[in-house]
file input-v3.cif (mmCIF, C-alpha atoms)
data_target
loop_
_atom_site.label_atom_id
_atom_site.label_comp_id
_atom_site.auth_asym_id
_atom_site.auth_seq_id
_atom_site.Cartn_x
_atom_site.Cartn_y
_atom_site.Cartn_z
CA MET A 1 21.20 34.32 94.25
CA ALA A 2 19.35 37.39 92.97
CA GLU A 3 20.47 39.07 89.76
CA PRO A 4 22.40 42.29 90.49
CA LYS A 5 20.48 45.49 89.86
CA PHE A 6 23.48 47.17 88.24
CA ARG A 7 26.22 45.76 86.04
CA ALA A 8 29.34 47.22 84.47
CA PRO A 9 28.38 49.15 81.29
CA LYS A 10 28.58 47.35 77.95
CA GLY A 11 32.15 47.10 76.74
CA THR A 12 33.64 47.49 80.23
CA ARG A 13 34.37 45.01 83.00
CA ASP A 14 35.72 44.72 86.51
CA ILE A 15 39.27 43.39 86.66
CA LEU A 16 39.64 41.45 89.89
CA PRO A 17 42.61 39.92 91.70
CA PRO A 18 44.78 38.11 90.71
CA GLU A 19 44.31 39.29 87.10
CA SER A 20 44.58 42.91 88.20
CA ALA A 21 48.04 42.16 89.67
CA ARG A 22 49.06 40.50 86.42
CA ARG A 23 48.08 43.60 84.45
CA ARG A 24 49.99 45.82 86.86
CA SER A 25 53.05 43.59 86.47
CA LEU A 26 52.80 43.92 82.68
CA SER A 27 52.67 47.71 82.91
CA ASP A 28 55.53 47.71 85.40
CA ALA A 29 57.63 45.61 83.01
CA PHE A 30 56.96 48.16 80.27
CA ALA A 31 57.88 51.03 82.59
CA VAL A 32 61.24 49.41 83.41
CA LEU A 33 62.07 48.85 79.74
CA ALA A 34 60.98 52.34 78.70
CA GLY A 35 63.19 53.80 81.43
CA GLN A 36 66.15 51.83 80.13
CA TRP A 37 65.49 53.37 76.70
CA GLY A 38 65.61 56.88 78.20
CA PHE A 39 61.86 57.62 78.29
CA GLY A 40 60.18 59.50 81.12
CA GLU A 41 56.55 58.97 82.14
CA VAL A 42 53.88 61.50 81.19
CA VAL A 43 50.42 61.46 82.76
CA SER A 44 47.73 63.16 80.67
CA PRO A 45 44.10 64.08 81.46
CA MET A 46 41.53 61.44 80.58
CA PHE A 47 39.47 64.07 78.76
CA GLU A 48 40.43 66.88 76.43
CA ASP A 49 38.84 69.56 74.30
CA MET A 50 37.06 67.80 71.45
CA GLY A 51 39.21 69.71 68.97
CA VAL A 52 42.38 67.93 70.11
CA PHE A 53 41.11 64.60 68.85
CA LYS A 54 39.50 65.96 65.70
CA ARG A 55 43.04 66.65 64.52
CA VAL A 56 43.68 62.91 64.17
CA GLY A 57 41.49 62.91 61.05
CA GLU A 58 37.93 64.01 60.36
CA SER A 59 37.38 60.96 58.12
CA THR A 60 38.41 58.34 60.67
CA ASP A 61 35.91 56.12 62.50
CA LEU A 62 37.54 57.29 65.73
CA VAL A 63 36.33 60.86 65.12
CA THR A 64 33.07 60.17 63.32
CA LYS A 65 31.72 57.26 65.36
CA GLU A 66 33.79 56.19 68.35
CA MET A 67 34.36 59.12 70.70
CA PHE A 68 32.57 59.52 73.99
CA ASP A 69 31.92 63.26 74.09
CA LEU A 70 30.30 65.51 76.67
CA PHE A 71 29.73 69.16 77.54
CA ASP A 72 30.92 70.62 80.83
CA LYS A 73 28.89 73.00 83.01
CA GLY A 74 30.66 76.17 81.92
CA ASP A 75 29.03 79.15 80.25
CA PRO A 76 29.34 78.59 77.40
CA PRO A 77 29.85 74.84 77.89
CA GLN A 78 33.08 73.36 76.55
CA HIS A 79 32.80 70.38 74.21
CA LEU A 80 35.02 67.65 75.68
CA ALA A 81 35.83 64.04 74.80
CA LEU A 82 37.14 61.12 76.78
CA ARG A 83 40.49 60.38 75.19
CA PRO A 84 40.23 57.67 72.50
CA GLU A 85 44.03 57.61 72.10
CA LEU A 86 47.01 59.36 73.68
CA THR A 87 49.25 60.59 70.87
CA ALA A 88 47.12 63.69 70.26
CA SER A 89 47.03 64.43 74.01
CA ILE A 90 50.81 64.20 74.27
CA CYS A 91 51.25 66.45 71.24
CA ARG A 92 48.88 68.96 72.88
CA ALA A 93 51.02 68.79 76.03
CA TYR A 94 54.14 69.39 73.94
CA VAL A 95 52.58 72.51 72.39
CA GLU A 96 51.45 73.76 75.80
CA HIS A 97 54.66 73.15 77.77
CA ARG A 98 57.33 73.31 75.05
CA PRO A 99 59.82 70.82 76.56
CA VAL A 100 63.33 70.66 75.11
CA PRO A 101 63.38 68.26 72.13
CA PRO A 102 63.85 65.47 71.54
CA TRP A 103 61.10 64.77 74.05
CA LYS A 104 60.94 61.05 74.89
CA VAL A 105 57.94 60.03 76.98
CA TRP A 106 56.03 56.86 77.84
CA TYR A 107 52.50 56.43 79.13
CA ASP A 108 50.16 53.90 80.67
CA GLY A 109 46.44 54.39 81.07
CA PRO A 110 42.85 53.90 79.96
CA GLN A 111 41.37 55.07 76.65
CA PHE A 112 37.71 55.09 75.61
CA ARG A 113 36.07 54.24 72.30
CA TYR A 114 32.44 53.57 71.48
CA GLU A 115 32.87 50.45 69.36
CA GLN A 116 31.47 46.94 69.28
CA PRO A 117 33.14 44.86 71.99
CA GLN A 118 34.98 41.71 70.90
CA ALA A 119 37.83 39.54 72.11
CA GLY A 120 40.47 41.82 73.60
CA ARG A 121 38.59 44.98 72.58
CA TYR A 122 36.56 46.98 75.07
CA ARG A 123 35.05 50.44 75.24
CA GLN A 124 37.41 51.22 78.10
CA PHE A 125 40.80 49.72 77.42
CA THR A 126 44.36 50.17 78.62
CA GLN A 127 47.38 50.99 76.47
CA VAL A 128 51.05 51.46 77.13
CA GLY A 129 53.12 53.41 74.65
CA VAL A 130 55.89 55.85 73.84
CA GLU A 131 56.32 59.03 71.80
CA VAL A 132 59.47 60.81 70.59
CA LEU A 133 58.91 64.43 69.54
CA GLY A 134 61.42 66.72 67.90
CA THR A 135 63.48 64.56 65.55
CA ASP A 136 62.97 63.09 62.09
CA ASP A 137 66.08 60.88 62.35
CA PRO A 138 65.18 57.38 61.07
CA GLN A 139 67.27 56.00 63.95
CA ALA A 140 64.50 57.27 66.27
CA ASP A 141 62.03 55.14 64.30
CA VAL A 142 64.29 52.12 64.74
CA ASP A 143 64.69 52.77 68.47
CA VAL A 144 60.94 53.04 68.98
CA ILE A 145 60.16 49.88 67.02
CA ALA A 146 62.96 48.02 68.80
CA LEU A 147 61.51 48.96 72.18
CA GLY A 148 58.16 47.46 71.22
CA SER A 149 59.81 44.32 69.88
CA ARG A 150 61.98 43.85 72.98
CA PHE A 151 58.97 44.34 75.24
CA PHE A 152 57.16 41.43 73.64
CA GLU A 153 60.27 39.32 74.14
CA ALA A 154 60.44 40.44 77.78
CA VAL A 155 56.93 39.12 78.51
CA GLY A 156 57.70 35.81 76.83
CA LEU A 157 55.92 36.24 73.50
CA THR A 158 57.72 34.48 70.66
CA LYS A 159 55.04 34.61 67.96
CA VAL A 160 54.73 38.34 67.26
CA SER A 161 55.26 39.57 63.70
CA LEU A 162 56.34 43.10 62.80
CA LEU A 163 54.57 44.59 59.75
CA LEU A 164 56.25 47.64 58.21
CA ASN A 165 55.30 50.25 55.62
CA SER A 166 55.94 53.84 54.58
CA LEU A 167 53.12 56.29 53.84
CA GLY A 168 55.41 58.84 52.26
CA ASP A 169 55.50 62.58 52.88
CA PRO A 170 53.60 65.68 51.71
CA ALA A 171 55.77 65.81 48.59
CA CYS A 172 54.72 62.40 47.26
CA ARG A 173 51.40 61.73 49.01
CA PRO A 174 49.24 63.82 46.60
CA ASP A 175 50.33 61.81 43.53
CA TYR A 176 49.58 58.57 45.31
CA LEU A 177 46.22 59.76 46.61
CA LYS A 178 45.20 60.78 43.09
CA ALA A 179 46.22 57.40 41.67
CA LEU A 180 44.45 55.57 44.49
CA SER A 181 41.34 57.72 44.20
CA ASP A 182 41.13 57.23 40.43
CA TYR A 183 41.54 53.47 40.83
CA LEU A 184 38.96 53.12 43.60
CA ASP A 185 36.53 55.37 41.77
CA SER A 186 36.80 53.13 38.72
CA ARG A 187 35.72 50.19 40.87
CA ARG A 188 33.31 52.07 43.10
CA SER A 189 30.35 49.80 42.34
CA GLU A 190 32.30 46.76 43.58
CA LEU A 191 33.13 48.32 46.97
CA SER A 192 31.03 47.78 50.08
CA ALA A 193 28.52 50.50 50.87
CA GLN A 194 30.63 51.63 53.83
CA SER A 195 33.79 51.91 51.72
CA GLN A 196 31.93 53.91 49.08
CA VAL A 197 31.15 56.46 51.78
CA THR A 198 34.75 56.33 53.05
CA LEU A 199 36.04 56.92 49.52
CA GLU A 200 34.32 60.31 49.45
CA ARG A 201 36.00 61.37 52.69
CA ASN A 202 39.47 59.83 52.38
CA PRO A 203 40.49 57.19 49.81
CA LEU A 204 43.38 56.07 52.02
CA ARG A 205 40.92 54.88 54.67
CA VAL A 206 39.44 52.37 52.23
CA LEU A 207 42.69 50.40 52.47
CA ASP A 208 41.97 49.91 56.17
CA SER A 209 38.71 48.06 55.43
CA LYS A 210 38.51 44.48 56.70
CA ARG A 211 35.26 43.73 54.84
CA ARG A 212 35.46 40.64 52.68
CA GLU A 213 33.93 42.25 49.58
CA ASP A 214 36.62 44.96 49.60
CA GLN A 215 39.67 42.70 49.82
CA THR A 216 40.19 41.86 46.14
CA ILE A 217 39.90 45.51 45.19
CA ILE A 218 42.33 46.53 47.94
CA ASP A 219 44.79 43.83 46.92
CA GLU A 220 44.93 45.24 43.39
CA ALA A 221 45.18 48.91 44.41
CA PRO A 222 48.28 51.05 43.69
CA LEU A 223 51.02 50.83 46.33
CA MET A 224 52.38 53.80 48.25
CA VAL A 225 55.91 52.39 48.10
CA ASP A 226 55.82 52.85 44.31
CA PHE A 227 55.21 56.59 44.75
CA LEU A 228 57.74 57.42 47.48
CA SER A 229 59.87 60.51 46.96
CA GLU A 230 63.62 60.07 46.96
CA GLU A 231 63.81 61.48 50.48
CA SER A 232 61.04 59.22 51.86
CA ALA A 233 62.50 56.17 50.13
CA ALA A 234 65.91 56.88 51.69
CA HIS A 235 64.31 57.36 55.12
CA PHE A 236 62.46 54.07 54.81
CA GLN A 237 65.60 52.25 53.73
CA GLN A 238 67.48 53.54 56.77
CA VAL A 239 64.71 52.30 59.05
CA ARG A 240 64.90 48.88 57.44
CA SER A 241 68.69 48.81 57.67
CA GLY A 242 68.55 49.74 61.35
CA LEU A 243 66.11 46.95 62.15
CA GLU A 244 68.25 44.48 60.26
CA ALA A 245 71.34 45.61 62.18
CA LEU A 246 69.50 44.81 65.42
CA GLY A 247 68.36 41.43 64.16
CA ILE A 248 64.68 42.42 64.26
CA GLU A 249 62.71 40.58 61.61
CA TYR A 250 59.97 42.42 59.74
CA GLU A 251 57.60 41.99 56.82
CA ILE A 252 56.86 44.77 54.34
CA SER A 253 53.08 45.29 54.36
CA PRO A 254 52.31 47.78 51.56
CA ARG A 255 48.59 47.98 52.46
CA LEU A 256 49.24 48.94 56.07
CA VAL A 257 47.82 52.42 56.71
CA ARG A 258 46.74 52.14 60.38
CA GLY A 259 43.49 53.77 61.49
CA LEU A 260 44.41 57.42 61.91
CA ASP A 261 45.05 60.15 59.36
CA TYR A 262 48.09 61.74 60.99
CA TYR A 263 50.60 59.05 59.99
CA THR A 264 53.44 59.89 57.60
CA ARG A 265 56.45 57.89 56.44
CA THR A 266 57.09 54.95 58.79
CA THR A 267 54.04 52.97 59.88
CA PHE A 268 54.14 49.63 61.64
CA GLU A 269 52.02 47.08 63.43
CA PHE A 270 52.70 44.17 65.76
CA ALA A 271 50.58 41.06 65.13
CA ALA A 272 50.31 38.15 67.57
CA ASP A 273 50.29 35.05 65.40
CA ALA A 274 48.93 32.97 68.29
CA LEU A 275 45.60 34.83 68.04
CA GLU A 276 42.94 34.72 65.31
CA ALA A 277 44.08 36.71 62.30
CA SER A 278 41.11 39.08 62.41
CA GLN A 279 41.87 40.09 66.00
CA ASN A 280 45.62 39.67 66.31
CA ALA A 281 46.89 43.26 66.33
CA VAL A 282 48.55 43.86 69.70
CA GLY A 283 49.89 47.33 68.94
CA GLY A 284 51.37 49.62 66.37
CA GLY A 285 52.25 53.15 65.50
CA GLY A 286 54.24 55.30 63.18
CA ARG A 287 55.52 58.74 62.34
CA TYR A 288 53.22 61.77 62.56
CA ASP A 289 55.33 64.71 61.46
CA GLY A 290 52.47 67.20 61.05
CA LEU A 291 50.36 66.60 64.15
CA VAL A 292 52.05 69.08 66.50
CA GLU A 293 51.69 71.80 63.89
CA ALA A 294 48.01 70.93 63.43
CA LEU A 295 47.54 71.49 67.17
CA GLY A 296 49.01 74.99 66.98
CA GLY A 297 52.66 74.23 67.66
CA PRO A 298 55.82 74.58 65.59
CA ASP A 299 56.66 72.15 62.81
CA THR A 300 57.77 69.18 64.95
CA PRO A 301 58.33 65.61 63.74
CA GLY A 302 57.20 62.73 65.92
CA ILE A 303 57.19 58.94 66.13
CA GLY A 304 55.54 56.57 68.60
CA PHE A 305 53.41 53.51 69.26
CA ALA A 306 50.60 52.23 71.47
CA LEU A 307 50.29 48.64 72.66
CA GLY A 308 46.99 47.12 73.81
CA VAL A 309 47.30 45.50 77.23
CA ASP A 310 44.17 43.35 76.82
CA ARG A 311 45.28 41.84 73.51
CA ILE A 312 48.82 41.32 74.80
CA LEU A 313 47.52 39.32 77.75
CA LEU A 314 45.34 37.24 75.42
CA ALA A 315 48.46 36.49 73.38
CA CYS A 316 50.30 35.61 76.59
CA ASN A 317 47.49 33.21 77.46
CA ALA A 318 47.74 31.61 74.02
CA GLU A 319 51.51 31.18 74.38
CA GLN A 320 51.28 30.32 78.09
CA SER A 321 53.62 33.13 79.05
CA PHE A 322 53.65 35.92 81.63
CA GLU A 323 51.58 34.07 84.19
CA ALA A 324 49.83 35.76 87.09
CA ALA A 325 52.21 37.41 89.55
CA PRO A 326 52.85 35.46 92.78
CA SER A 327 50.89 36.50 95.82
CA PRO A 328 52.40 39.49 97.64
CA VAL A 329 51.49 37.77 100.92
CA ASP A 330 54.46 35.88 102.40
CA VAL A 331 52.89 34.98 105.72
CA PHE A 332 49.35 34.33 106.95
CA VAL A 333 48.89 34.66 110.70
CA VAL A 334 46.45 32.15 112.20
CA ASP A 335 45.41 33.42 115.63
CA VAL A 336 43.25 31.14 117.77
CA ALA A 337 43.89 33.09 120.97
CA GLY A 338 41.50 35.99 120.47
CA GLY A 339 42.91 37.93 117.51
CA SER A 340 45.02 40.63 119.15
CA SER A 341 48.23 38.66 118.62
CA ALA A 342 47.59 38.53 114.86
CA LEU A 343 47.34 42.32 114.87
CA THR A 344 50.76 42.87 116.46
CA ILE A 345 52.52 40.02 114.63
CA CYS A 346 51.30 41.26 111.22
CA GLU A 347 52.49 44.73 112.10
CA SER A 348 55.96 43.50 113.04
CA LEU A 349 56.28 41.38 109.87
CA ARG A 350 55.11 44.20 107.60
CA GLY A 351 57.54 46.53 109.34
CA VAL A 352 60.50 44.55 107.96
CA GLY A 353 59.08 44.36 104.44
CA LEU A 354 57.22 41.04 104.55
CA GLY A 355 53.71 40.63 103.16
CA ALA A 356 51.39 39.52 105.95
CA ASP A 357 47.65 38.88 106.20
CA ARG A 358 45.23 37.49 108.77
CA ALA A 359 41.62 36.40 109.31
CA TYR A 360 38.89 38.34 111.13
CA GLY A 361 35.88 37.46 113.21
CA GLY A 362 37.34 34.80 115.53
CA ARG A 363 37.16 31.98 112.98
CA SER A 364 38.11 28.42 113.82
CA MET A 365 41.60 27.04 113.26
CA LYS A 366 40.32 25.00 110.28
CA ALA A 367 38.64 28.01 108.66
CA GLN A 368 41.73 30.17 109.14
CA MET A 369 44.00 27.53 107.62
CA LYS A 370 41.76 27.42 104.53
CA LEU A 371 42.14 31.19 104.22
CA ALA A 372 45.90 30.86 104.67
CA ASP A 373 46.12 28.38 101.81
CA ARG A 374 43.89 30.53 99.57
CA SER A 375 46.00 33.64 100.26
CA GLY A 376 49.00 32.20 98.42
CA ALA A 377 51.23 32.74 101.45
CA THR A 378 54.36 30.60 101.72
CA TYR A 379 54.17 30.25 105.52
CA ALA A 380 51.51 30.25 108.20
CA VAL A 381 52.31 31.62 111.65
CA ILE A 382 50.05 29.93 114.20
CA ILE A 383 49.52 31.56 117.56
CA GLY A 384 47.46 30.01 120.37
CA ASP A 385 47.41 30.06 124.13
CA ASP A 386 50.39 27.68 124.39
CA GLU A 387 52.46 29.82 122.02
CA ILE A 388 51.61 32.99 123.91
CA ALA A 389 52.62 31.41 127.19
CA SER A 390 56.00 30.35 125.80
CA GLY A 391 56.67 33.54 123.80
CA GLU A 392 56.78 31.54 120.58
CA ALA A 393 54.82 30.95 117.39
CA THR A 394 54.35 27.83 115.30
CA LEU A 395 55.77 28.32 111.81
CA ARG A 396 54.21 26.03 109.20
CA ASP A 397 55.42 25.59 105.61
CA LEU A 398 52.33 25.83 103.36
CA ARG A 399 54.04 25.17 100.02
CA GLY A 400 56.84 22.74 100.84
CA ASP A 401 57.40 19.62 102.90
CA THR A 402 59.41 20.98 105.83
CA GLY A 403 56.50 20.67 108.24
CA GLN A 404 56.25 23.00 111.20
CA ARG A 405 58.28 24.08 114.23
CA ARG A 406 58.24 26.53 117.10
CA VAL A 407 60.12 29.82 116.67
CA PRO A 408 60.62 32.51 119.36
CA LEU A 409 58.54 35.60 118.56
CA ALA A 410 61.62 37.79 119.02
CA VAL A 411 63.36 36.24 115.99
CA LEU A 412 60.28 35.25 113.96
CA ALA A 413 60.56 37.96 111.30
CA GLY A 414 64.27 37.35 110.76
CA GLU A 415 63.78 33.59 110.47
CA ILE A 416 61.00 33.97 107.88
CA ARG A 417 63.12 36.35 105.81
CA ARG A 418 66.03 33.90 105.91
CA LEU A 419 63.83 31.02 104.78
CA LEU A 420 62.33 33.02 101.94
CA GLN A 421 65.78 34.10 100.74
CA ASP A 422 67.08 30.52 100.92
CA ASN A 423 64.15 29.41 98.76
CA GLY A 424 64.65 32.25 96.27
CA VAL A 425 61.33 33.90 97.10
#

call {"tool": "encode", "arguments": {"input": "input-v3.cif", "output": "structure tokens"}}
result
Amino acid sequence: MAEPKFRAPKGTRDILPPESARRRSLSDAFAVLAGQWGFGEVVSPMFEDMGVFKRVGESTDLVTKEMFDLFDKGDPPQHLALRPELTASICRAYVEHRPVPPWKVWYDGPQFRYEQPQAGRYRQFTQVGVEVLGTDDPQADVDVIALGSRFFEAVGLTKVSLLLNSLGDPACRPDYLKALSDYLDSRRSELSAQSQVTLERNPLRVLDSKRREDQTIIDEAPLMVDFLSEESAAHFQQVRSGLEALGIEYEISPRLVRGLDYYTRTTFEFAADALEASQNAVGGGGRYDGLVEALGGPDTPGIGFALGVDRILLACNAEQSFEAAPSPVDVFVVDVAGGSSALTICESLRGVGLGADRAYGGRSMKAQMKLADRSGATYAVIIGDDEIASGEATLRDLRGDTGQRRVPLAVLAGEIRRLLQDNGV
């Protein structure tokens, strides 16, 4: 077999059935849960003005290295970027449309980042997430975190840890940044070359380094929780109390800063313990009380999270949960009388809500039965000259041991529906 001339670009891949159905089922499960929490779906453009994403932090890798940007054909051309994340897009939509707060929305869709592909990380990747705009109530933080936690439970994951931190507010952040900057500067020569560059742009980003040579220095750095203002400390305590009231376990992670500059106060991350520690983050988020204002809107607090579908499914594989969705095909019609009967029988079955498929090209009975088995259908409907003459079809159980029998065509659809219901399908 010749090598294909074209392949999917690096960091992307084709998602084929049945895995594509599994991913859709995961997103559908999130949509149901988000609806129960009172969130409505928002669908945002996959590209925005470059300036929207620059607001997430000029010192972040996302802005400096990872965006796919382009210029349109206007005069002058507009500098655009494929969205690397969705929080900034949703805040832009809030500024543009001014919905009544609190605005509770969920999303599902692809993002794009130019980064080195690895397990569960691609240059085009799918996230599901939520945002709440217009309230600084710590109960909103608890609600958002609880939704993420309950979603992991809903897909059968039992080994997901919640890491929690507070990054303070504008009143206390400057004192912490000065203490952190002074400390890191005193140990500059021990930092990796990359972190030395990061230190010049934003000392807080150094804490996000995963490089081995930086870890001892990071471990000994000042902690934000020691610099929290009275108001931020009270807010954080209320978040913790709310999680405890719901029975949601968490671990305080004082080094957790996430990868974007817009976070304030509550920050959190979900880690799948069934995956390798270096690649076990399956989602996270936090509060971003100044982002709407940075995008030209009024002072509007916000809280949200994004969950990575690819990493979640890897965690599901590791825990053997959320298996591939069953085939949507209930019946496979095997027509050895010319093919026109399969056309009308499939139409009648689909008309009453049953999934039905068939073969093409006048294949043999044996070849069609192989296709029927491969389709995942529960029953095969066999139609030949004898069946046509008697106005019947042969109904064969493909997954059980009830054999086969003749059924009048007039009641075929009803009989199949009854059998499926009796078997809990």

call {"tool": "closest_atom_pairs", "arguments": {"input": "input-v3.cif", "of": "segment 101-129 of chain A", "to": "segment 272-280 of chain A", "cutoff": "9 Å", "atoms": "only C-alpha atoms", "output": "CSV"}}
result
residue,atom,partner,partner_atom,distance
A:Gln118,CA,A:Gln279,CA,8.6
A:Ala119,CA,A:Gln279,CA,7.3
A:Gly120,CA,A:Gln279,CA,7.9
A:Arg121,CA,A:Gln279,CA,8.8

call {"tool": "write_last_selection", "arguments": {"input": "input-v3.cif", "atoms": "C-alpha atoms", "output": "JSON list (two decimals), keeping the file's coordinate frame"}}
result
[["chain", "number", "residue", "atom", "x", "y", "z"],
["A", 118, "GLN", "CA", 34.98, 41.71, 70.90],
["A", 119, "ALA", "CA", 37.83, 39.54, 72.11],
["A", 120, "GLY", "CA", 40.47, 41.82, 73.60],
["A", 121, "ARG", "CA", 38.59, 44.98, 72.58]]

call {"tool": "atom_distance", "arguments": {"input": "input-v3.cif", "atom1": "atom CA of Glu48 of chain A", "atom2": "atom CA of Thr87 of chain A"}}
result
12.2 Å

call {"tool": "closest_residue", "arguments": {"input": "input-v3.cif", "among": "A:Gln139, A:Thr216, A:Glu231, A:Ile145", "to": "Gly286 of chain A", "atoms": "all atoms listed in the file"}}
result
A:Ile145

call {"tool": "atom_distance", "arguments": {"input": "input-v3.cif", "atom1": "atom CA of Lys210 of chain A", "atom2": "atom CA of Leu184 of chain A"}}
result
15.7 Å

call {"tool": "axis_aligned_box", "arguments": {"input": "input-v3.cif", "around": "segment 206-225 of chain A", "padding_each_side": "8 Å", "output": "JSON"}}
result
{"center_x": 44.9, "center_y": 47.2, "center_z": 50.0, "size_x": 38.0, "size_y": 29.2, "size_z": 29.3}

call {"tool": "residues_around", "arguments": {"input": "input-v3.cif", "residues": "segment 395-401 of chain A", "least_positions_apart": "4", "cutoff": "10 Å", "atoms": "all atoms listed in the file", "output": "mmCIF file with C-alpha atoms, keeping the file's coordinate frame"}}
result
data_model
loop_
_atom_site.group_PDB
_atom_site.id
_atom_site.type_symbol
_atom_site.label_atom_id
_atom_site.label_comp_id
_atom_site.auth_asym_id
_atom_site.auth_seq_id
_atom_site.Cartn_x
_atom_site.Cartn_y
_atom_site.Cartn_z
ATOM 1 C CA VAL A 331 52.890 34.980 105.720
ATOM 2 C CA PHE A 332 49.350 34.330 106.950
ATOM 3 C CA VAL A 333 48.890 34.660 110.700
ATOM 4 C CA MET A 369 44.000 27.530 107.620
ATOM 5 C CA ALA A 372 45.900 30.860 104.670
ATOM 6 C CA ASP A 373 46.120 28.380 101.810
ATOM 7 C CA GLY A 376 49.000 32.200 98.420
ATOM 8 C CA ALA A 377 51.230 32.740 101.450
ATOM 9 C CA THR A 378 54.360 30.600 101.720
ATOM 10 C CA TYR A 379 54.170 30.250 105.520
ATOM 11 C CA ALA A 380 51.510 30.250 108.200
ATOM 12 C CA VAL A 381 52.310 31.620 111.650
ATOM 13 C CA ILE A 382 50.050 29.930 114.200
ATOM 14 C CA ILE A 383 49.520 31.560 117.560
ATOM 15 C CA ARG A 405 58.280 24.080 114.230
ATOM 16 C CA ARG A 406 58.240 26.530 117.100
ATOM 17 C CA VAL A 407 60.120 29.820 116.670
ATOM 18 C CA PRO A 408 60.620 32.510 119.360
ATOM 19 C CA LEU A 412 60.280 35.250 113.960
ATOM 20 C CA GLU A 415 63.780 33.590 110.470
ATOM 21 C CA ILE A 416 61.000 33.970 107.880
#

call {"tool": "closest_residue", "arguments": {"input": "input-v3.cif", "among": "A:Leu82, A:Leu16, A:Met67, A:Val144", "to": "Phe39 of chain A", "atoms": "all atoms listed in the file"}}
result
A:Val144

call {"tool": "atom_distance", "arguments": {"input": "input-v3.cif", "atom1": "atom CA of Asn202 of chain A", "atom2": "atom CA of Gly148 of chain A"}}
result
29.3 Å

call {"tool": "resolve_selection", "arguments": {"input": "input-v3.cif", "expression": "the PyMOL selection byres ((chain A and resi 299-309) around 7)", "output": "NGL selection string"}}
result
:A and (126-136 or 141 or 144 or 282-290 or 292-293 or 297-298 or 310-313)

call {"tool": "resolve_selection", "arguments": {"input": "input-v3.cif", "expression": "the PyMOL selection byres ((chain A and resi 179) around 12)", "output": "MDAnalysis selection string"}}
result
chainID A and resid 172:178 180:186 203:204 221:224 226:227

call {"tool": "closest_residue", "arguments": {"input": "input-v3.cif", "among": "A:Glu85, A:Glu115, A:Asp143, A:Glu3", "to": "Ala34 of chain A", "atoms": "only C-alpha atoms"}}
result
A:Asp143

call {"tool": "closest_residue", "arguments": {"input": "input-v3.cif", "among": "A:Val257, A:Leu246, A:Ala88, A:Leu167", "to": "Ser209 of chain A", "atoms": "only C-alpha atoms"}}
result
A:Val257

call {"tool": "closest_atom_pairs", "arguments": {"input": "input-v3.cif", "of": "segment 63-145 of chain A", "to": "segment 40-43 of chain A", "cutoff": "9 Å", "atoms": "all atoms listed in the file", "output": "tab-separated table"}}
result
residue	atom	partner	partner_atom	distance
A:Ile90	CA	A:Val42	CA	8.0
A:Trp103	CA	A:Gly40	CA	8.9
A:Lys104	CA	A:Gly40	CA	6.5
A:Val105	CA	A:Gly40	CA	4.7
A:Trp106	CA	A:Glu41	CA	4.8
A:Tyr107	CA	A:Val42	CA	5.6
A:Asp108	CA	A:Val43	CA	7.8
A:Gly109	CA	A:Val43	CA	8.3
A:Val130	CA	A:Glu41	CA	8.9

call {"tool": "closest_residue", "arguments": {"input": "input-v3.cif", "among": "A:Asp49, A:Glu269, A:Pro84, A:Glu251", "to": "Leu70 of chain A", "atoms": "all atoms listed in the file"}}
result
A:Asp49

call {"tool": "resolve_selection", "arguments": {"input": "input-v3.cif", "expression": "the PyMOL selection byres ((chain A and resi 10-14) around 10)", "output": "list in words"}}
result
Arg7, Ala8, Pro9, Ile15, Leu16, Pro17, Ser20, Phe112, Arg113, Tyr114, Glu115, Gln116, Pro117, Gln118, Arg121, Tyr122, Arg123, Gln124 and Phe125 of chain A

call {"tool": "closest_residue", "arguments": {"input": "input-v3.cif", "among": "A:Ala21, A:Ala93, A:Cys346, A:Ala2", "to": "Ser327 of chain A", "atoms": "only C-alpha atoms"}}
result
A:Ala21

call {"tool": "residues_around", "arguments": {"input": "input-v3.cif", "residues": "Val336 of chain A", "least_positions_apart": "6", "cutoff": "12 Å", "atoms": "only C-alpha atoms", "output": "PyMOL selection string"}}
result
chain A and resi 342+358-369+381-388+393-394

call {"tool": "decode", "arguments": {"input": "input-v3.cif", "residues": "segment 99-104 of chain A", "atoms": "N, CA and C atoms", "output": "short mmCIF file (atom, residue, chain, number, x, y, z; two decimals), in the first residue's frame"}}
result
data_model
loop_
_atom_site.label_atom_id
_atom_site.label_comp_id
_atom_site.auth_asym_id
_atom_site.auth_seq_id
_atom_site.Cartn_x
_atom_site.Cartn_y
_atom_site.Cartn_z
N PRO A 99 -25.07 40.97 28.35
CA PRO A 99 -26.17 40.20 28.92
C PRO A 99 -26.37 40.55 30.39
N VAL A 100 -27.55 40.24 30.91
CA VAL A 100 -27.86 40.53 32.31
C VAL A 100 -27.03 39.60 33.20
N PRO A 101 -26.26 40.15 34.13
CA PRO A 101 -25.49 39.28 35.04
C PRO A 101 -26.37 38.75 36.17
N PRO A 102 -26.00 37.67 36.83
CA PRO A 102 -24.83 36.86 36.47
C PRO A 102 -25.09 36.05 35.20
N TRP A 103 -24.10 36.05 34.34
CA TRP A 103 -24.19 35.36 33.05
C TRP A 103 -23.49 34.02 33.20
N LYS A 104 -24.26 32.93 33.10
CA LYS A 104 -23.73 31.58 33.29
C LYS A 104 -23.78 30.84 31.96
#
